[in-house]
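Here is the file my_file.tsv (TSV, C-alpha atoms).
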chain	number	residue	atom	x	y	z
A	1	MET	CA	0.00	0.00	0.00
A	2	ILE	CA	0.98	3.62	0.14
A	3	GLY	CA	3.88	4.68	2.32
A	4	GLN	CA	6.21	1.74	1.91
A	5	ILE	CA	8.64	3.46	-0.44
A	6	GLU	CA	10.47	6.38	1.11
A	7	ASP	CA	12.12	8.73	-1.30
A	8	VAL	CA	14.10	11.61	0.17
A	9	ILE	CA	13.78	13.78	-2.95
A	10	ILE	CA	10.01	13.45	-3.17
A	11	GLN	CA	9.48	13.88	0.57
A	12	THR	CA	11.64	16.98	0.80
A	13	PHE	CA	10.06	18.63	-2.22
A	14	CYS	CA	6.58	17.78	-0.98
A	15	ARG	CA	7.16	19.22	2.42
A	16	LEU	CA	8.53	22.41	0.89
A	17	ILE	CA	5.81	22.78	-1.72
A	18	ILE	CA	2.69	21.85	0.28
A	19	PRO	CA	2.37	25.12	2.27
A	20	PHE	CA	2.67	27.18	-0.93
A	21	MET	CA	0.14	24.89	-2.58
A	22	GLN	CA	-2.30	25.51	0.23
A	23	VAL	CA	-1.83	29.29	0.04
A	24	PHE	CA	-2.37	29.08	-3.73
A	25	ALA	CA	-5.56	27.06	-3.17
A	26	LEU	CA	-6.89	29.63	-0.72
A	27	TYR	CA	-5.96	32.38	-3.18
A	28	VAL	CA	-7.91	30.63	-5.92
A	29	ILE	CA	-10.91	30.32	-3.59
A	30	ALA	CA	-10.74	33.91	-2.36
A	31	HIS	CA	-10.28	35.49	-5.80
A	32	GLY	CA	-12.85	33.36	-7.58
A	33	HIS	CA	-15.13	36.33	-8.17
A	34	HIS	CA	-12.37	38.44	-9.75
A	35	SER	CA	-10.34	35.98	-11.78
A	36	PRO	CA	-10.52	32.41	-13.08
A	37	GLY	CA	-10.91	29.85	-10.36
A	38	GLY	CA	-13.37	29.53	-7.57
A	39	GLY	CA	-14.50	27.21	-4.87
A	40	PHE	CA	-14.36	23.96	-6.77
A	41	GLN	CA	-10.91	24.50	-8.25
A	42	GLY	CA	-9.42	25.84	-5.04
A	43	GLY	CA	-10.96	23.02	-3.04
A	44	CYS	CA	-9.46	20.51	-5.44
A	45	ILE	CA	-5.99	22.02	-5.01
A	46	LEU	CA	-6.42	22.09	-1.23
A	47	GLY	CA	-7.51	18.45	-1.24
A	48	ALA	CA	-4.63	17.58	-3.56
A	49	SER	CA	-2.14	19.06	-1.10
A	50	PHE	CA	-3.32	16.61	1.55
A	51	ILE	CA	-3.34	13.77	-0.96
A	52	LEU	CA	0.24	14.68	-1.86
A	53	LEU	CA	1.11	14.40	1.81
A	54	CYS	CA	-0.48	10.96	1.89
A	55	VAL	CA	1.40	9.85	-1.21
A	56	ALA	CA	4.81	11.22	-0.20
A	57	TYR	CA	4.74	10.23	3.46
A	58	ASP	CA	1.91	7.97	4.55
A	59	ILE	CA	-1.76	8.11	5.42
A	60	GLY	CA	-1.08	8.46	9.13
A	61	GLU	CA	0.83	11.69	8.55
A	62	ALA	CA	-2.12	13.23	6.76
A	63	LYS	CA	-4.61	11.89	9.29
A	64	GLY	CA	-2.58	13.54	12.03
A	65	ARG	CA	-3.20	16.89	10.37
A	66	MET	CA	-6.75	16.29	9.20
A	67	SER	CA	-8.60	13.61	11.16
A	68	GLU	CA	-11.48	11.80	9.52
A	69	LYS	CA	-13.92	13.30	12.00
A	70	LEU	CA	-12.78	16.85	11.22
A	71	ASN	CA	-12.91	15.99	7.55
A	72	VAL	CA	-16.54	14.88	7.70
A	73	MET	CA	-17.41	17.93	9.77
A	74	LEU	CA	-15.78	20.26	7.23
A	75	CYS	CA	-17.64	18.53	4.41
A	76	SER	CA	-20.96	19.13	6.14
A	77	LEU	CA	-19.95	22.65	7.15
A	78	GLY	CA	-19.28	23.55	3.53
A	79	VAL	CA	-22.72	22.36	2.48
A	80	ILE	CA	-24.29	24.21	5.42
A	81	ILE	CA	-22.53	27.47	4.42
A	82	PHE	CA	-23.72	27.06	0.83
A	83	GLY	CA	-27.28	26.16	1.72
A	84	GLY	CA	-27.41	28.63	4.60
A	85	ILE	CA	-26.56	31.63	2.44
A	86	GLY	CA	-29.20	30.52	-0.07
A	87	VAL	CA	-31.83	30.08	2.63
A	88	VAL	CA	-30.95	33.46	4.19
A	89	CYS	CA	-31.65	35.06	0.80
A	90	LEU	CA	-34.93	33.15	0.71
A	91	ILE	CA	-35.88	34.33	4.21
A	92	LEU	CA	-35.08	37.95	3.36
A	93	GLY	CA	-37.62	37.81	0.55
A	94	ALA	CA	-35.64	37.15	-2.63
A	95	ASN	CA	-34.98	34.01	-4.66
A	96	TYR	CA	-32.71	31.19	-3.48
A	97	LEU	CA	-29.05	32.38	-3.78
A	98	ASP	CA	-30.11	35.88	-4.90
A	99	TYR	CA	-27.26	37.61	-3.04
A	100	GLY	CA	-28.37	41.17	-3.81
A	101	ILE	CA	-30.86	41.03	-0.97
A	102	LEU	CA	-28.02	40.46	1.52
A	103	HIS	CA	-27.37	44.23	1.51
A	104	LYS	CA	-30.09	44.52	4.15
A	105	LEU	CA	-28.13	42.22	6.45
A	106	LEU	CA	-24.55	43.33	5.74
A	107	ARG	CA	-25.27	47.10	5.55
A	108	VAL	CA	-23.38	47.57	2.26
A	109	ASP	CA	-24.60	48.49	-1.22
A	110	VAL	CA	-26.06	45.89	-3.56
A	111	PRO	CA	-23.03	45.11	-5.80
A	112	GLN	CA	-20.76	44.65	-2.82
A	113	ALA	CA	-23.34	42.42	-1.17
A	114	ARG	CA	-23.34	40.27	-4.30
A	115	SER	CA	-19.55	40.07	-4.22
A	116	LEU	CA	-19.49	39.06	-0.56
A	117	GLY	CA	-22.27	36.54	-1.12
A	118	ILE	CA	-20.35	34.88	-3.93
A	119	LEU	CA	-17.24	34.79	-1.72
A	120	GLY	CA	-19.20	33.06	1.03
A	121	ILE	CA	-20.62	30.53	-1.40
A	122	GLU	CA	-17.15	29.81	-2.73
A	123	ILE	CA	-15.72	29.28	0.74
A	124	GLY	CA	-18.50	26.77	1.39
A	125	VAL	CA	-17.91	24.99	-1.90
A	126	GLY	CA	-14.17	24.95	-1.24
A	127	PHE	CA	-14.57	23.29	2.15
A	128	ALA	CA	-17.00	20.72	0.82
A	129	VAL	CA	-14.90	19.84	-2.23
A	130	MET	CA	-11.67	19.60	-0.24
A	131	ALA	CA	-13.21	17.31	2.36
A	132	ALA	CA	-14.93	15.20	-0.29
A	133	MET	CA	-11.64	14.81	-2.22
A	134	ILE	CA	-9.76	13.76	0.89
A	135	SER	CA	-12.41	11.30	2.02
A	136	ILE	CA	-12.66	9.75	-1.45
A	137	PHE	CA	-8.90	9.30	-1.51
A	138	LEU	CA	-8.72	7.92	2.02
A	139	ASN	CA	-11.54	5.49	1.36
A	140	LEU	CA	-9.89	4.25	-1.82
A	141	ALA	CA	-6.39	4.07	-0.36
A	142	SER	CA	-7.37	2.34	2.88
A	143	ARG	CA	-9.93	0.10	1.17
A	144	GLY	CA	-12.67	1.54	3.33
A	145	GLU	CA	-11.05	0.52	6.60
A	146	HIS	CA	-11.45	3.36	9.06
A	147	GLU	CA	-9.06	3.06	11.97
A	148	GLU	CA	-10.84	5.83	13.79
A	149	ALA	CA	-14.55	5.26	14.18
A	150	ILE	CA	-16.71	8.25	13.41
A	151	GLU	CA	-19.19	8.37	16.23
A	152	TRP	CA	-21.72	11.01	17.07
A	153	GLU	CA	-22.95	11.19	20.61
B	1	MET	CA	32.09	-8.25	93.25
B	2	GLU	CA	28.67	-8.96	91.91
B	3	VAL	CA	27.73	-5.32	92.27
B	4	THR	CA	30.72	-4.15	90.20
B	5	VAL	CA	29.87	-6.67	87.49
B	6	LEU	CA	26.31	-5.46	87.51
B	7	VAL	CA	27.42	-1.83	87.27
B	8	GLN	CA	29.80	-2.64	84.42
B	9	ALA	CA	27.06	-4.52	82.63
B	10	THR	CA	24.67	-1.61	83.03
B	11	ASP	CA	27.37	0.77	81.78
B	12	LYS	CA	27.96	-1.42	78.75
B	13	ALA	CA	24.27	-1.68	78.11
B	14	PHE	CA	23.94	2.10	78.23
B	15	GLU	CA	26.92	2.42	75.89
B	16	ILE	CA	25.36	0.07	73.43
B	17	LEU	CA	22.08	1.89	73.67
B	18	GLU	CA	23.80	5.24	73.11
B	19	LYS	CA	25.66	3.88	70.09
B	20	ALA	CA	22.48	2.45	68.63
B	21	ARG	CA	20.73	5.76	69.18
B	22	ASN	CA	23.53	7.65	67.43
B	23	GLU	CA	23.48	5.24	64.56
B	24	ALA	CA	19.75	5.49	64.27
B	25	ARG	CA	19.96	9.29	64.31
B	26	GLU	CA	22.67	9.28	61.63
B	27	LEU	CA	20.60	6.94	59.54
B	28	LEU	CA	17.61	9.20	59.94
B	29	TYR	CA	19.64	12.27	59.03
B	30	SER	CA	21.16	10.64	55.99
B	31	SER	CA	17.80	9.36	54.79
B	32	ALA	CA	16.28	12.79	55.27
B	33	LYS	CA	19.21	14.29	53.36
B	34	LEU	CA	18.78	11.69	50.64
B	35	THR	CA	15.08	12.41	50.22
B	36	SER	CA	15.73	16.13	50.10
B	37	GLU	CA	18.45	15.49	47.54
B	38	THR	CA	16.22	13.37	45.33
B	39	LYS	CA	13.47	15.94	45.72
B	40	SER	CA	15.75	18.77	44.65
B	41	LEU	CA	17.03	16.62	41.79
B	42	ALA	CA	13.47	15.94	40.66
B	43	GLU	CA	12.68	19.63	40.92
B	44	ARG	CA	15.74	20.51	38.92
B	45	ARG	CA	14.87	17.95	36.29
B	46	GLN	CA	11.34	19.29	36.10
B	47	ALA	CA	12.65	22.83	35.74
B	48	ARG	CA	15.00	21.70	33.01
B	49	ALA	CA	12.19	19.91	31.16
B	50	PHE	CA	10.05	23.00	31.52
B	51	LEU	CA	12.89	25.15	30.20
B	52	SER	CA	13.49	22.95	27.18
B	53	GLY	CA	9.73	22.84	26.57
B	54	ALA	CA	9.69	26.62	26.64
B	55	GLN	CA	12.59	26.65	24.20
B	56	GLN	CA	10.76	24.26	21.90
B	57	SER	CA	7.57	26.27	21.96
B	58	LYS	CA	9.62	29.43	21.35
B	59	LEU	CA	11.14	27.67	18.35
B	60	ALA	CA	7.69	26.68	17.11
B	61	LEU	CA	6.52	30.27	17.48
B	62	ARG	CA	9.55	31.52	15.56
B	63	ASN	CA	8.95	28.98	12.79
B	64	PHE	CA	5.28	29.96	12.68
B	65	THR	CA	6.17	33.65	12.35
B	66	ILE	CA	8.71	33.09	9.59
B	67	ALA	CA	6.34	30.76	7.73
B	68	PHE	CA	3.57	33.33	8.04
B	69	PHE	CA	5.68	36.10	6.50
B	70	VAL	CA	6.96	33.89	3.69
B	71	LEU	CA	3.45	32.70	2.84
B	72	PHE	CA	2.01	36.20	3.07
B	73	ALA	CA	4.68	37.44	0.65
B	74	PHE	CA	3.65	34.61	-1.69
B	75	TRP	CA	-0.01	35.65	-1.32
B	76	ILE	CA	0.80	39.25	-2.23
B	77	LEU	CA	2.79	38.04	-5.22
B	78	LEU	CA	-0.25	36.07	-6.40
B	79	SER	CA	-2.98	38.51	-5.49
B	80	ALA	CA	-1.46	41.93	-6.24
B	81	ARG	CA	-4.54	43.64	-4.74
B	82	PHE	CA	-3.70	46.04	-1.98
B	83	ASP	CA	-7.12	46.98	-0.59
B	84	TYR	CA	-7.82	46.20	3.03
B	85	PHE	CA	-10.31	43.46	2.26
B	86	HIS	CA	-7.94	41.30	0.25
B	87	LEU	CA	-4.98	41.98	2.54
B	88	THR	CA	-7.07	40.83	5.51
B	89	LEU	CA	-8.11	37.72	3.62
B	90	GLY	CA	-4.44	37.12	2.84
B	91	ILE	CA	-3.43	37.49	6.48
B	92	ILE	CA	-6.14	35.06	7.58
B	93	CYS	CA	-5.24	32.50	4.90
B	94	SER	CA	-1.49	32.75	5.52
B	95	MET	CA	-2.00	32.34	9.27
B	96	LEU	CA	-4.22	29.32	8.68
B	97	VAL	CA	-1.70	27.64	6.41
B	98	ALA	CA	1.25	28.62	8.62
B	99	TYR	CA	-0.57	27.10	11.59
B	100	MET	CA	-1.36	23.93	9.65
B	101	SER	CA	2.02	23.31	8.09
B	102	HIS	CA	4.85	25.38	9.55
B	103	ASP	CA	6.45	22.18	10.78
B	104	LEU	CA	6.52	20.92	7.20
B	105	LEU	CA	8.32	24.01	5.96
B	106	PHE	CA	10.85	24.04	8.78
B	107	SER	CA	11.70	20.50	9.77
B	108	ASN	CA	15.36	19.83	10.47
B	109	ILE	CA	16.36	23.43	9.80
B	110	ARG	CA	19.92	24.47	10.44
B	111	LEU	CA	21.29	27.73	11.72
B	112	GLY	CA	23.16	29.71	9.17
B	113	ASP	CA	23.12	33.19	7.82
B	114	VAL	CA	20.76	33.41	4.87
B	115	ARG	CA	22.74	36.33	3.45
B	116	ILE	CA	25.96	34.30	3.40
B	117	LYS	CA	24.09	31.43	1.74
B	118	ALA	CA	22.66	33.77	-0.91
B	119	ARG	CA	26.09	35.31	-1.58
B	120	ARG	CA	27.68	31.88	-1.90
B	121	PHE	CA	24.85	30.73	-4.14
B	122	PHE	CA	25.34	33.62	-6.55
B	123	ALA	CA	29.10	33.10	-6.45
B	124	ALA	CA	28.67	29.41	-7.28
B	125	ALA	CA	25.92	29.83	-9.89
B	126	PRO	CA	28.29	30.60	-12.84
B	127	TRP	CA	30.25	27.43	-12.12
B	128	PHE	CA	27.06	25.36	-12.21
B	129	LEU	CA	25.93	27.05	-15.43
B	130	GLY	CA	29.33	26.41	-17.01
B	131	GLN	CA	29.15	22.78	-15.92
B	132	ILE	CA	25.71	22.41	-17.49
B	133	PHE	CA	26.92	24.10	-20.70
B	134	SER	CA	29.96	21.86	-21.11
B	135	ALA	CA	27.91	18.77	-20.28
B	136	ASN	CA	25.41	19.85	-22.94
B	137	LEU	CA	28.19	20.05	-25.51
B	138	HIS	CA	29.49	16.65	-24.47
B	139	VAL	CA	26.08	14.98	-24.75
B	140	ALA	CA	25.51	16.65	-28.13
B	141	TYR	CA	28.89	15.27	-29.27
B	142	LEU	CA	27.94	11.79	-28.07
B	143	ALA	CA	24.59	11.92	-29.81
B	144	LEU	CA	25.86	13.37	-33.09
B	145	SER	CA	29.01	11.33	-33.57
B	146	PRO	CA	28.35	8.44	-36.02
B	147	LYS	CA	29.63	5.67	-33.74
B	148	MET	CA	27.63	6.97	-30.76
B	149	PRO	CA	30.23	6.01	-28.13
B	150	VAL	CA	27.88	5.80	-25.16
B	151	ASP	CA	28.67	3.55	-22.24
B	152	PRO	CA	25.67	3.76	-19.89
B	153	GLN	CA	26.34	2.78	-16.32
B	154	ILE	CA	24.89	3.24	-12.86
B	155	ILE	CA	27.43	4.39	-10.33
B	156	ARG	CA	26.92	4.58	-6.60
B	157	PHE	CA	28.71	6.71	-4.08
B	158	LYS	CA	28.30	7.61	-0.45
B	159	THR	CA	27.83	11.32	0.12
B	160	LYS	CA	29.29	13.26	3.02
B	161	LEU	CA	26.39	15.70	3.06
B	162	GLU	CA	24.08	15.36	6.03
B	163	SER	CA	20.77	17.14	5.68
B	164	ASP	CA	17.92	16.18	3.35
B	165	ILE	CA	17.95	19.63	1.75
B	166	SER	CA	21.59	19.19	0.70
B	167	TRP	CA	20.88	15.71	-0.61
B	168	VAL	CA	18.01	17.03	-2.71
B	169	ALA	CA	20.10	19.97	-3.94
B	170	LEU	CA	22.90	17.62	-4.99
B	171	ALA	CA	20.47	15.14	-6.58
B	172	ASN	CA	18.81	17.88	-8.59
B	173	SER	CA	22.11	19.42	-9.64
B	174	ILE	CA	23.16	16.00	-10.90
B	175	THR	CA	19.87	15.53	-12.73
B	176	LEU	CA	20.05	19.04	-14.18
B	177	THR	CA	23.44	18.33	-15.69
B	178	PRO	CA	22.87	16.54	-19.01
B	179	GLY	CA	24.15	12.99	-19.17
B	180	THR	CA	23.57	12.14	-15.52
B	181	ILE	CA	20.35	11.33	-13.68
B	182	THR	CA	19.93	10.59	-9.99
B	183	VAL	CA	17.98	7.36	-9.77
B	184	ASP	CA	17.67	6.99	-6.01
B	185	ILE	CA	19.02	8.06	-2.65
B	186	ARG	CA	19.14	5.41	0.04
B	187	GLU	CA	20.42	6.57	3.41
B	188	GLY	CA	23.02	8.90	2.01
B	189	GLU	CA	24.03	6.62	-0.86
B	190	PHE	CA	23.42	8.02	-4.31
B	191	PHE	CA	22.59	5.86	-7.33
B	192	VAL	CA	23.36	7.86	-10.46
B	193	HIS	CA	22.89	6.85	-14.07
B	194	ALA	CA	25.73	8.21	-16.20
B	195	LEU	CA	25.84	8.26	-19.99
B	196	ASP	CA	29.52	7.47	-20.45
B	197	ARG	CA	32.81	7.03	-18.65
B	198	LYS	CA	33.92	10.66	-18.82
B	199	VAL	CA	30.71	11.95	-17.24
B	200	ALA	CA	30.90	9.29	-14.54
B	201	TYR	CA	34.51	10.23	-13.82
B	202	GLU	CA	33.65	13.92	-13.51
B	203	LEU	CA	30.90	13.02	-11.08
B	204	SER	CA	33.11	10.81	-8.95
B	205	THR	CA	35.62	13.62	-8.34
B	206	GLY	CA	33.06	15.06	-5.93
B	207	GLN	CA	33.55	18.66	-7.05
B	208	MET	CA	29.80	19.29	-7.25
B	209	GLU	CA	29.32	17.86	-3.78
B	210	ASP	CA	31.94	20.22	-2.39
B	211	LYS	CA	30.28	23.20	-4.07
B	212	ILE	CA	26.89	22.24	-2.62
B	213	ALA	CA	28.40	21.75	0.81
B	214	HIS	CA	29.96	25.20	0.53
B	215	VAL	CA	26.76	26.92	-0.63
B	216	LEU	CA	24.53	25.32	1.99
B	217	MET	CA	27.14	25.84	4.73
B	218	GLU	CA	27.31	22.13	5.33
B	219	ALA	CA	30.84	22.18	6.72
B	220	ASP	CA	30.24	24.90	9.29
B	221	HIS	CA	26.71	23.88	10.13
B	222	VAL	CA	25.01	24.00	13.50
B	223	TYR	CA	21.65	22.33	13.93
B	224	ILE	CA	19.08	24.01	16.13
B	225	GLN	CA	18.64	20.71	17.92
B	226	ASP	CA	22.36	20.77	18.72
B	227	VAL	CA	22.02	24.22	20.24
B	228	LEU	CA	19.08	23.02	22.34
B	229	ASP	CA	21.09	20.04	23.59
B	230	VAL	CA	24.12	22.17	24.35
B	231	SER	CA	22.03	24.70	26.23
B	232	ARG	CA	20.53	21.89	28.30
B	233	ILE	CA	23.99	20.54	29.18
B	234	PHE	CA	25.21	24.03	29.94
B	235	GLY	CA	22.25	24.63	32.26
B	236	ALA	CA	22.92	21.35	34.06
B	237	LEU	CA	26.56	22.27	34.56
B	238	LYS	CA	25.67	25.68	35.87

Show the structure stored in the file as structure tokens.
Amino acid sequence: MIGQIEDVIIQTFCRLIIPFMQVFALYVIAHGHHSPGGGFQGGCILGASFILLCVAYDIGEAKGRMSEKLNVMLCSLGVIIFGGIGVVCLILGANYLDYGILHKLLRVDVPQARSLGILGIEIGVGFAVMAAMISIFLNLASRGEHEEAIEWE
Amino acid sequence: MEVTVLVQATDKAFEILEKARNEARELLYSSAKLTSETKSLAERRQARAFLSGAQQSKLALRNFTIAFFVLFAFWILLSARFDYFHLTLGIICSMLVAYMSHDLLFSNIRLGDVRIKARRFFAAAPWFLGQIFSANLHVAYLALSPKMPVDPQIIRFKTKLESDISWVALANSITLTPGTITVDIREGEFFVHALDRKVAYELSTGQMEDKIAHVLMEADHVYIQDVLDVSRIFGALK
């Protein structure tokens, strides 16, 4: 399985490149409404940085940074952010995901409210996509064997 | 007669009693001293552990700060928007990433002046470029000559470099030079594929290794962990 071959070159480059990869991913998420990119792309890069960690070191190293429980929680949190912003627009009297109405809540003018709404949506999408990517990879790589049970009490 | 014997016996008994009492008192004193000594030793050890823990956390804080500034500089390079909103976003994102992975960026770091390293790097860069240029010419000669006198071989050598960064720098310098490719590094032993005998010979002189050791201050290196150990020993001596 993964983690049996240790290559100094790959490990060193990965550990140097992963922080910059994560900053780039967050940049792609945060500038999605100005430039190409957005939540999905940034989330993919963010998930890929953790997958790179899994591939270069081992799965335990990545699980130490992002436990499966936290991963599932982030996945749900992303969906909640996305749906929540849409429902807030609905409650304020506009259509679902019609961000313009958020100017009542945020006390800014309509275009800026739209911009902030899109940013919020993209953060939600980014979280959800990152967590989904990581959990897909972990499930495939560990053949569905979860060492750490996910329990809700 | 009997009375004197009795008196002597009583005297002796008292003597023995006195001696036993003294011994018992000494034993008590020494045990008390011993417990106090072990207690003070334990206290000292605890203080030392606390001190080294403080040093470690100080180191982590320092690494976090440096990582934050490096990542924030990278953010500004990417973003190039200088309004408050995007700068705040950048600060939040850089702090998040620095918190998540500063130990990745700075594991096994060594002390050494960055300015000296940069100066040595720029001083050594022309030599590397010249090496790459001449190796290019050599490989072009090998490829273009009608007989194609290649003699591919894998050579192995043990490096004297110590840190993973130096290993990777050497491996990539070797790979960057045409005609040689680093296949693997196993515990400080390099496996290099060379295109012919001349290239392999040039590699085995170890000139590139020396240059890398010079640039990365490998010879006059001090690890941070070494400094921590030395400070611990120094504190114990004091």

Listing only residues of chain B within 10 Å of chain A, what is the closest atom pair and its distance in Å (to one decimal) for each, using all atoms listed in the file, sorted by chain and residue number ascending, as CSV?
residue,atom,partner,partner_atom,distance
B:Ala67,CA,A:Pro19,CA,8.8
B:Val70,CA,A:Phe20,CA,9.2
B:Leu71,CA,A:Phe20,CA,6.7
B:Phe72,CA,A:Val23,CA,8.5
B:Phe74,CA,A:Phe20,CA,7.5
B:Trp75,CA,A:Val23,CA,6.8
B:Ile76,CA,A:Tyr27,CA,9.7
B:Leu78,CA,A:Tyr27,CA,7.5
B:Ser79,CA,A:Tyr27,CA,7.2
B:His86,CA,A:Ala30,CA,8.3
B:Leu89,CA,A:Ala30,CA,7.6
B:Gly90,CA,A:Tyr27,CA,7.8
B:Ile92,CA,A:Leu26,CA,9.9
B:Cys93,CA,A:Leu26,CA,6.5
B:Ser94,CA,A:Val23,CA,6.5
B:Met95,CA,A:Val23,CA,9.7
B:Leu96,CA,A:Val23,CA,9.0
B:Val97,CA,A:Pro19,CA,6.3
B:Ala98,CA,A:Pro19,CA,7.3
B:Tyr99,CA,A:Pro19,CA,10.0
B:Met100,CA,A:Arg65,CA,7.3
B:Ser101,CA,A:Pro19,CA,6.1
B:His102,CA,A:Pro19,CA,7.7
B:Asp103,CA,A:Arg15,CA,8.9
B:Leu104,CA,A:Arg15,CA,5.1
B:Leu105,CA,A:Leu16,CA,5.3
B:Phe106,CA,A:Leu16,CA,8.4
B:Ser107,CA,A:Arg15,CA,8.7
B:Asp164,CA,A:Val8,CA,6.8
B:Ile165,CA,A:Thr12,CA,6.9
B:Trp167,CA,A:Ile9,CA,7.7
B:Val168,CA,A:Ile9,CA,5.3
B:Ala169,CA,A:Ile9,CA,8.9
B:Ala171,CA,A:Ile9,CA,7.7
B:Asn172,CA,A:Ile9,CA,8.6
B:Thr182,CA,A:Ile9,CA,9.9
B:Asp184,CA,A:Asp7,CA,7.5
B:Ile185,CA,A:Val8,CA,6.7
B:Arg186,CA,A:Asp7,CA,7.9
B:Glu187,CA,A:Val8,CA,8.7
B:Gly188,CA,A:Val8,CA,9.5

* Asked: Excluding same-chain residues fewer than 4 positions from Ser204 of chain B, what lies within 12 Å of it counting all atoms listed in the file, as a list in words?
  ->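 Everything that qualifies: Ile154, Ile155, Arg156, Phe157, Lys158, Thr159, Ile174, Thr180, Phe190, Phe191, Val192, Ala194, Arg197, Lys198, Val199, Ala200, Met208, Glu209 and Asp210 of chain B.
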
Could you save those same residues with C-alpha atoms as an mmCIF file, in the coordinates of the input?
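The resulting file, out_25.cif, is reproduced below:
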data_model
loop_
_atom_site.group_PDB
_atom_site.id
_atom_site.type_symbol
_atom_site.label_atom_id
_atom_site.label_comp_id
_atom_site.auth_asym_id
_atom_site.auth_seq_id
_atom_site.Cartn_x
_atom_site.Cartn_y
_atom_site.Cartn_z
ATOM 1 C CA ILE B 154 24.890 3.240 -12.860
ATOM 2 C CA ILE B 155 27.430 4.390 -10.330
ATOM 3 C CA ARG B 156 26.920 4.580 -6.600
ATOM 4 C CA PHE B 157 28.710 6.710 -4.080
ATOM 5 C CA LYS B 158 28.300 7.610 -0.450
ATOM 6 C CA THR B 159 27.830 11.320 0.120
ATOM 7 C CA ILE B 174 23.160 16.000 -10.900
ATOM 8 C CA THR B 180 23.570 12.140 -15.520
ATOM 9 C CA PHE B 190 23.420 8.020 -4.310
ATOM 10 C CA PHE B 191 22.590 5.860 -7.330
ATOM 11 C CA VAL B 192 23.360 7.860 -10.460
ATOM 12 C CA ALA B 194 25.730 8.210 -16.200
ATOM 13 C CA ARG B 197 32.810 7.030 -18.650
ATOM 14 C CA LYS B 198 33.920 10.660 -18.820
ATOM 15 C CA VAL B 199 30.710 11.950 -17.240
ATOM 16 C CA ALA B 200 30.900 9.290 -14.540
ATOM 17 C CA MET B 208 29.800 19.290 -7.250
ATOM 18 C CA GLU B 209 29.320 17.860 -3.780
ATOM 19 C CA ASP B 210 31.940 20.220 -2.390
#

* Quick one: everything within 10 Å of Gln41 of chain A, counting only C-alpha atoms, minus sequence neighbours fewer than 5 positions away in the same chain. Send it as a PyMOL selection string. => chain A and resi 25-26+28-29+32+36+46-47+122+125-126+129-130

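The closest residue to Ser115 of chain A, picked from B:Phe234, B:His138, B:Phe85, B:Ile181 and counting only C-alpha atoms, is B:Phe85.
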
* To do: Up to 12 Å from (27.7, 24.1, -12.4) in the file's coordinates: name the residues, counting only C-alpha atoms, as JSON, numbers by chain.
  => {"B": [121, 122, 123, 124, 125, 126, 127, 128, 129, 130, 131, 132, 133, 134, 135, 136, 170, 172, 173, 174, 175, 176, 177, 178, 202, 203, 207, 208, 209, 210, 211, 212]}

* Would you work out the distance separating atom CA of Asn71 of chain A from atom CA of Leu140 of chain A, expressed in Å to one decimal? => 15.3 Å

* To do: Figure out the distance between atom CA of Ile121 of chain A and atom CA of Lys104 of chain A, please, to one decimal in Å.
  => 17.8 Å

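You will find atom CA of Leu216 of chain B at 6.1 Å from atom CA of Lys117 of chain B.
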
Mind filling out segment 62-71 of chain A with N, CA and C atoms and sending it as a PDB file, in the frame of the given file?
ATOM      1  N   ALA A  62      -1.037  12.342   7.167  1.00  0.00           N
ATOM      2  CA  ALA A  62      -2.120  13.230   6.760  1.00  0.00           C
ATOM      3  C   ALA A  62      -3.275  13.177   7.747  1.00  0.00           C
ATOM      4  N   LYS A  63      -3.519  11.987   8.318  1.00  0.00           N
ATOM      5  CA  LYS A  63      -4.610  11.890   9.290  1.00  0.00           C
ATOM      6  C   LYS A  63      -4.271  12.640  10.564  1.00  0.00           C
ATOM      7  N   GLY A  64      -2.972  12.756  10.864  1.00  0.00           N
ATOM      8  CA  GLY A  64      -2.580  13.540  12.030  1.00  0.00           C
ATOM      9  C   GLY A  64      -2.907  15.006  11.855  1.00  0.00           C
ATOM     10  N   ARG A  65      -2.894  15.482  10.618  1.00  0.00           N
ATOM     11  CA  ARG A  65      -3.200  16.890  10.370  1.00  0.00           C
ATOM     12  C   ARG A  65      -4.688  17.114  10.142  1.00  0.00           C
ATOM     13  N   MET A  66      -5.333  16.134   9.521  1.00  0.00           N
ATOM     14  CA  MET A  66      -6.750  16.290   9.200  1.00  0.00           C
ATOM     15  C   MET A  66      -7.419  14.962   9.542  1.00  0.00           C
ATOM     16  N   SER A  67      -8.001  14.886  10.752  1.00  0.00           N
ATOM     17  CA  SER A  67      -8.600  13.610  11.160  1.00  0.00           C
ATOM     18  C   SER A  67      -9.881  13.378  10.356  1.00  0.00           C
ATOM     19  N   GLU A  68     -10.299  12.124  10.331  1.00  0.00           N
ATOM     20  CA  GLU A  68     -11.480  11.800   9.520  1.00  0.00           C
ATOM     21  C   GLU A  68     -12.715  12.489  10.054  1.00  0.00           C
ATOM     22  N   LYS A  69     -12.761  12.645  11.387  1.00  0.00           N
ATOM     23  CA  LYS A  69     -13.920  13.300  12.000  1.00  0.00           C
ATOM     24  C   LYS A  69     -13.989  14.757  11.548  1.00  0.00           C
ATOM     25  N   LEU A  70     -12.828  15.449  11.650  1.00  0.00           N
ATOM     26  CA  LEU A  70     -12.780  16.850  11.220  1.00  0.00           C
ATOM     27  C   LEU A  70     -13.121  16.972   9.747  1.00  0.00           C
ATOM     28  N   ASN A  71     -12.669  15.986   8.987  1.00  0.00           N
ATOM     29  CA  ASN A  71     -12.910  15.990   7.550  1.00  0.00           C
ATOM     30  C   ASN A  71     -14.411  15.934   7.244  1.00  0.00           C
TER      31      ASN A  71
END
